[in-house]
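Comments concern the structure below.
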Number of protein chains: 2
Amino acid sequence: VSGWADVPAGSGFDVDRLPYGVAELGGRRRVVVRIGTAGLDLAAAAENGLFADVDAAILSGPSLDALLAAGPERWASIRARLRDLVTDRSVRDRLRGHPVDALRLVLPWTVGDYVDFYSSEHHAANVGRMFRPDAEPLLPNWKHLPIGYHGRAGTVVVSGTDVVRPCGQHKPADGEAPMYGPSARLDIEAEVGFIAGAPSTLGERLSTSDLRAHVFGVVLVNDWSARDIQAWEYVPLGPFLAKSFATSVSAWVTPLAALDAARVDGPAQDPPVLDYLSEAEPRGLDLTLEVRWNGTTVARPPYAPMYWSPGQQLAHLTVNGARLRTGDLYASGTVSGPERDQRGSFLELCWAGTEPVTLDDGATRTFLEDGDEVTIGATAPGLGGGRICLGEVTGRVLPARP
Amino acid sequence: VSGWADVPAGSGFDVDRLPYGVAELGGRRRVVVRIGTAGLDLAAAAENGLFADVDAAILSGPSLDALLAAGPERWASIRARLRDLVTDRSVRDRLRGHPVDALRLVLPWTVGDYVDFYSSEHHAANVGRMFRPDAEPLLPNWKHLPIGYHGRAGTVVVSGTDVVRPCGQHKPADGEAPMYGPSARLDIEAEVGFIAGAPSTLGERLSTSDLRAHVFGVVLVNDWSARDIQAWEYVPLGPFLAKSFATSVSAWVTPLAALDAARVDGPAQDPPVLDYLSEAEPRGLDLTLEVRWNGTTVARPPYAPMYWSPGQQLAHLTVNGARLRTGDLYASGTVSGPERDQRGSFLELCWAGTEPVTLDDGATRTFLEDGDEVTIGATAPGLGGGRICLGEVTGRVLPARP
């Protein structure tokens with residue numbers, strides 16, 4: 001592969017981004033970094049003496065775990081070194097690039113705990129309007145704390161993994177008793193996920209300003225959701241089997257540092273938040289997501305209006321002394337904007353099944369059918385102008401098992 | 001240490017039980033098995049040639065993880081070999097025992113996902129009566145499925161670990177806005193936990209009869225709970241920070257096989273459960289828990305009346321295709337019986353703070369005060385008559401950090 005070091009700024013995958021992944025190369029799992037259409041084998045680069053010894057050890061393992069644990073100073077120095085390497089014509093020949101389309105990418109890190117928040121006001125209000133039409137759309141606690149819950153870490157899967165339609169209990173609105181069978185209301189949630197690198201200790205509280213010190217990077221997340229199972233099971237302890245069958249994440253992890261140019265002010269917060277949730281502006285990120293259903297773009301949810309920021313989510317989830325471990329993942333919750341074509345779930349987009357969408361091939365949809373494929377992408381302002389792409393997360397629905 | 005091989009049947013720690021733990025011995029973490037008041041160093045026994053090669057490798061690691069992954073046939077053969085070893089006078093001298101009181105026990109396995117169920121009808125009904133006094137105590141879904149949710153695996157701690165009083169948001173009943181501060185309603189939940197050994201694959205559904213093939217053993221669990229934080233945060237996605245600061249587990253893992261004599265019929269289930277939750281009797285376990293508050297026994301919750309069994313919980317949590325990983329932990333939910341002195345949480349025992357208990361030293365309590373210590377133990381019928389003890393789980397409350 002040649003030419004990957006000349007990727008122009010603003011092309012989406014230039015030196016401003018440099019996301020990390022893990023690929024199976026020659027029967028081994030190797031840390032790779034993406035530049036343009038090439039995946040650079042960092043273990044090979046390290047073997048060629050292009051990194052200092054410590055950095056080489058961090059980059060030569062079978063996953064990103066050692067890099068995550070290395071902490072913010074090492075993240076910055078390795079990133080700076082990578083920028084030098086891929087722009088230095090004198091070392092370029094010593095780097096080994098593989099076409100990204102041919103890479104077999106795997107889940108790049110060991111997921112610790114997985115927390116899912118619920119931080120889009122538009123999403124929470126839409127859900128409230130659908131399920132509690134006679135009440136205030138937002139519950140009384142919603143603007144005081146970032147509502148969240150723990151999901152299943154063991155079923156976080158990498159982009160491209162097929163998702164089997166889940167079975168479970170659901171209770172028809174006109175039924176006396178619940179029924180067992182495949183979910184008939186299979187949905188997506190387009191989210192942004194944050195991967196913890198440096199851990200905290202049990203009893204320690206992190207502040208909103210600790211984000212850069214503890215969060216390594218960002219993935220896109222599809223939090224697949226079975227709405228019929230969820231509606232029946234979720235009282236009083238929250239969603240469980242409706243979510244735990246699969247959560248897909250992008251194979252490429254974008255370093256948080258690559259989003260420095262995407263920092264924007266967050267929306268005003270009224271009522272004022274408690275001290276431990278206060279955060280200096282800019283606390284938001286100007287990402288624009290894109291949801292494609294069988295190739296048709298059905299929504300472009302904006303992340304910037306998210307009510308609760310990743311810094312606030314970090315402070316909240318550790319305010320009780322819960323420790324953060326290397327590899328913990330927390331996701332934003334469904335990203336939905338104020339417009340219909342900005343909704344990040346099909347529940348909202350098709351308003352609980354009452355407003356179908358028409359795809360480019362003429363087919364109509366309300367929830368997912370077997371064989372459907374959903375891809376979520378995102379862009380953000382790049383440091384050198386233009387926009388960078390975040391790694392896509394894609395998945396296809398397989399029929400329920402008999 | 002001598003005499004540990006002559007522990008009489010029925011003494012609580014005889015050859016019918018043989019629980020596993022992990023201790024720091026000579027600077028290394030070693031798998032140990034308890035017999036009487038001695039912890040037997042299994043790595044040393046393996047080095048002395050007392051196990052077959054494969055078994056030696058499984059037992060010589062720094063945790064129980066390899067044993068958990070080894071699967072039910074290996075669990076049975078190692079357990080049979082251990083019974084032979086500790087009762088065979090000719091090999092006894094070659095075993096190395098350490099007094100259990102001097103052992104520094106650590107969390108013995110790597111916790112995968114942690115699921116907490118809610119399977120005591122008496123507990124769920126008590127909570128319903130306190131919080132929804134004008135409604136049916138049980139919600140409509142409760143008798144159709146074992147309600148559960150994911151907890152935080154990264155804050156599962158071993159018995160003996162101090163628990164710092166958590167801070168967070170709570171909203172006084174007469175207040176307009178939430179306040180921040182230490183929890184004033186810190187509580188316990190006495191539970192029984194089940195540790196998954198053999199994994200399942202993504203998309204696979206386990207049945208209620210798969211319990212012995214997939215669950216290695218049992219720990220006692222204290223699911224510490226901050227009731228004021230919980231009451232404010234839990235709608236609509238369930239408990240989060242109210243639980244995630246700490247969950248204590250016993251250091252000794254009792255093999256499921258040691259509870260064969262504890263099998264009893266479960267309570268009748270009406271309405272009938274869906275097919276995937278049906279289970280041949282006996283599906284219950286005749287354990288009696290004991291909760292000691294600063295040394296005073298305040299409750300003896302019976303496990304036998306639990307509505308949902310561990311087999312049903314296993315089938316439910318995988319019915320959507322969620323995979324089980326080696327090390328996953330699922331807990332029963334608070335074990336409460338019909339009588340006041342059978343309640344496994346202080347919320348119930350002191351009826352939301354309105355009915356204090358008096359401890360042996362004359363002090364009264366409703367919720368936990370700083371410095372309080374809670375110990376949960378349990379006994380079960382042993383295979384050879386008498387009762388076996390399950391490993392206790394204990395913890396002390398430290399003041400909130402400033």
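Residues in the structure tokens are numbered from 1 in each chain, the chains being A, B, ... in the order shown, and ligands are numbered from 1 in the order shown.
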
**Asked** Got a sec: who's within 10 Å of A:Ala57, counting only C-alpha atoms, leaving out chain neighbours fewer than 2 positions off, as an MDAnalysis selection string?
**Response** chainID A and resid 43 46:47 51:55 59:61 66:67

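Distance check against chain A using only C-alpha atoms: of B:Trp351, B:Tyr276, B:Trp109, B:Phe367, the minimum falls on B:Tyr276.
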
**Message:** Give me the residues near A:Val218 as a list of chain:residue names, where near means some atom within 10 Å (using only C-alpha atoms) and where sequence neighbours in that chain fewer than 5 positions away do not count.
**Reply:** A:Pro19, A:Val192, A:Gly193, A:Phe194, A:Ile195, A:Ala196, A:Val249, A:Ser250, A:Trp252, A:Val253, A:Thr254, A:Pro255, A:Leu256, A:Ala257, A:Ala258, A:Leu259, A:Leu329, A:Tyr330, A:Ala331, A:Leu390, A:Gly391

Preceding selection exported with all heavy atoms as a compact mmCIF listing (two decimals), in the first residue's frame:
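Here's the written file again-v2.txt:
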```txt
# COMPACT_ATOMS: atom_id res chain seq x y z
N PRO A 19 -7.08 7.03 14.34
CA PRO A 19 -7.74 6.12 15.27
C PRO A 19 -7.00 4.80 15.40
O PRO A 19 -6.29 4.38 14.48
CB PRO A 19 -9.10 5.90 14.62
CG PRO A 19 -8.82 6.00 13.15
CD PRO A 19 -7.73 7.04 13.01
N VAL A 192 -22.81 7.63 21.31
CA VAL A 192 -21.37 7.85 21.33
C VAL A 192 -20.84 7.25 22.64
O VAL A 192 -21.40 7.51 23.72
CB VAL A 192 -21.03 9.35 21.26
CG1 VAL A 192 -19.53 9.59 21.35
CG2 VAL A 192 -21.59 9.95 19.97
N GLY A 193 -19.78 6.45 22.54
CA GLY A 193 -19.25 5.76 23.71
C GLY A 193 -17.87 6.27 24.09
O GLY A 193 -17.07 6.62 23.22
N PHE A 194 -17.59 6.29 25.38
CA PHE A 194 -16.33 6.80 25.91
C PHE A 194 -15.61 5.66 26.65
O PHE A 194 -16.20 5.02 27.53
CB PHE A 194 -16.59 7.99 26.84
CG PHE A 194 -17.26 9.13 26.10
CD1 PHE A 194 -18.65 9.17 25.96
CD2 PHE A 194 -16.51 10.11 25.48
CE1 PHE A 194 -19.26 10.18 25.24
CE2 PHE A 194 -17.11 11.13 24.76
CZ PHE A 194 -18.50 11.17 24.64
N ILE A 195 -14.34 5.45 26.30
CA ILE A 195 -13.58 4.33 26.86
C ILE A 195 -12.61 4.85 27.91
O ILE A 195 -11.75 5.69 27.63
CB ILE A 195 -12.80 3.60 25.76
CG1 ILE A 195 -13.75 3.11 24.67
CG2 ILE A 195 -12.02 2.42 26.35
CD1 ILE A 195 -13.02 2.55 23.47
N ALA A 196 -12.74 4.33 29.13
CA ALA A 196 -11.85 4.73 30.22
C ALA A 196 -10.48 4.10 30.03
O ALA A 196 -10.36 2.92 29.70
CB ALA A 196 -12.44 4.32 31.56
N VAL A 249 -20.07 -1.85 18.78
CA VAL A 249 -19.19 -0.67 18.84
C VAL A 249 -18.31 -0.65 17.59
O VAL A 249 -18.00 -1.69 17.01
CB VAL A 249 -18.29 -0.66 20.10
CG1 VAL A 249 -19.14 -0.55 21.36
CG2 VAL A 249 -17.39 -1.89 20.15
N SER A 250 -17.92 0.54 17.20
CA SER A 250 -17.04 0.68 16.05
C SER A 250 -15.70 0.00 16.33
O SER A 250 -15.25 -0.06 17.47
CB SER A 250 -16.83 2.15 15.71
OG SER A 250 -16.27 2.85 16.81
N TRP A 252 -12.84 1.10 15.17
CA TRP A 252 -11.81 2.13 15.31
C TRP A 252 -12.12 3.01 16.51
O TRP A 252 -13.25 3.51 16.65
CB TRP A 252 -11.74 2.99 14.05
CG TRP A 252 -11.27 2.22 12.85
CD1 TRP A 252 -12.03 1.82 11.79
CD2 TRP A 252 -9.94 1.77 12.58
NE1 TRP A 252 -11.25 1.14 10.88
CE2 TRP A 252 -9.96 1.10 11.33
CE3 TRP A 252 -8.72 1.86 13.27
CZ2 TRP A 252 -8.83 0.52 10.77
CZ3 TRP A 252 -7.59 1.28 12.70
CH2 TRP A 252 -7.65 0.62 11.47
N VAL A 253 -11.13 3.20 17.36
CA VAL A 253 -11.26 4.04 18.54
C VAL A 253 -10.59 5.38 18.23
O VAL A 253 -9.38 5.43 17.99
CB VAL A 253 -10.59 3.40 19.77
CG1 VAL A 253 -10.72 4.32 20.99
CG2 VAL A 253 -11.19 2.03 20.05
N THR A 254 -11.37 6.44 18.24
CA THR A 254 -10.82 7.77 17.96
C THR A 254 -10.30 8.37 19.26
O THR A 254 -11.05 8.48 20.23
CB THR A 254 -11.90 8.68 17.37
OG1 THR A 254 -12.39 8.10 16.16
CG2 THR A 254 -11.35 10.08 17.08
N PRO A 255 -9.01 8.75 19.30
CA PRO A 255 -8.51 9.36 20.54
C PRO A 255 -9.30 10.61 20.89
O PRO A 255 -9.68 11.38 20.00
CB PRO A 255 -7.06 9.70 20.19
CG PRO A 255 -6.70 8.83 19.04
CD PRO A 255 -7.97 8.64 18.26
N LEU A 256 -9.54 10.81 22.17
CA LEU A 256 -10.26 12.01 22.60
C LEU A 256 -9.54 13.27 22.10
O LEU A 256 -10.18 14.27 21.74
CB LEU A 256 -10.38 12.02 24.13
CG LEU A 256 -11.36 13.03 24.73
CD1 LEU A 256 -12.78 12.74 24.28
CD2 LEU A 256 -11.26 13.01 26.25
N ALA A 257 -8.21 13.19 22.05
CA ALA A 257 -7.43 14.35 21.61
C ALA A 257 -7.77 14.76 20.18
O ALA A 257 -7.61 15.93 19.81
CB ALA A 257 -5.94 14.04 21.75
N ALA A 258 -8.23 13.80 19.37
CA ALA A 258 -8.57 14.13 17.98
C ALA A 258 -9.84 14.97 17.89
O ALA A 258 -10.17 15.48 16.83
CB ALA A 258 -8.73 12.84 17.17
N LEU A 259 -10.55 15.07 19.00
CA LEU A 259 -11.81 15.84 19.01
C LEU A 259 -11.62 17.21 19.65
O LEU A 259 -12.61 17.88 19.98
CB LEU A 259 -12.89 15.04 19.74
CG LEU A 259 -13.25 13.70 19.09
CD1 LEU A 259 -14.30 12.96 19.92
CD2 LEU A 259 -13.76 13.89 17.67
N LEU A 329 -16.52 1.23 29.67
CA LEU A 329 -17.17 1.94 28.56
C LEU A 329 -18.42 2.63 29.09
O LEU A 329 -19.21 2.00 29.79
CB LEU A 329 -17.56 0.92 27.48
CG LEU A 329 -18.46 1.40 26.34
CD1 LEU A 329 -17.74 2.41 25.44
CD2 LEU A 329 -18.93 0.20 25.49
N TYR A 330 -18.55 3.91 28.80
CA TYR A 330 -19.86 4.52 29.07
C TYR A 330 -20.35 5.24 27.84
O TYR A 330 -19.58 5.87 27.13
CB TYR A 330 -19.85 5.40 30.32
CG TYR A 330 -19.03 6.66 30.30
CD1 TYR A 330 -19.59 7.89 29.95
CD2 TYR A 330 -17.70 6.65 30.71
CE1 TYR A 330 -18.85 9.06 29.98
CE2 TYR A 330 -16.95 7.81 30.73
CZ TYR A 330 -17.51 9.01 30.37
OH TYR A 330 -16.77 10.16 30.39
N ALA A 331 -21.63 5.08 27.59
CA ALA A 331 -22.21 5.60 26.36
C ALA A 331 -23.22 6.69 26.70
O ALA A 331 -23.77 6.75 27.79
CB ALA A 331 -22.87 4.48 25.57
N LEU A 390 -15.53 9.54 12.32
CA LEU A 390 -15.36 8.53 13.38
C LEU A 390 -15.64 7.17 12.75
O LEU A 390 -16.37 7.08 11.75
CB LEU A 390 -16.29 8.79 14.55
CG LEU A 390 -15.77 9.82 15.57
CD1 LEU A 390 -15.84 11.23 15.02
CD2 LEU A 390 -16.52 9.72 16.88
N GLY A 391 -15.08 6.14 13.28
CA GLY A 391 -15.27 4.81 12.70
C GLY A 391 -16.73 4.40 12.74
O GLY A 391 -17.40 4.59 13.75
```

**Prompt:** Near A:Phe245, within 7 Å and counting only C-alpha atoms, which residues show up once chain neighbours fewer than 2 positions away are dropped, as number ranges by chain?
**Reply:** A: 155, 166, 241, 243; B: 320-322

**Message:** So that I can see what lies close to A:Ile188, please list as a count of residues only the residues with an atom at most 7 Å from it, counting only C-alpha atoms and leaving out residues fewer than 4 positions away in the same chain.
**Reply:** 6

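Distance annotation: of B:Pro146, B:Gln230, B:Pro239, B:Arg387, the residue with the minimal separation from B:Leu277 is B:Pro146; atom set is only C-alpha atoms.
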
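Candidate residues A:Val91, A:Val163, A:Leu211, A:Ala261 were compared for distance to A:Glu373, and the nearest is A:Val163, using only C-alpha atoms.
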
**Message:** So that I can check the secondary structure, give me every residue of stretch 143-375 of chain A assigned alpha helix (DSSP H) by backbone DSSP, as a count of residues only.
**Reply:** 28
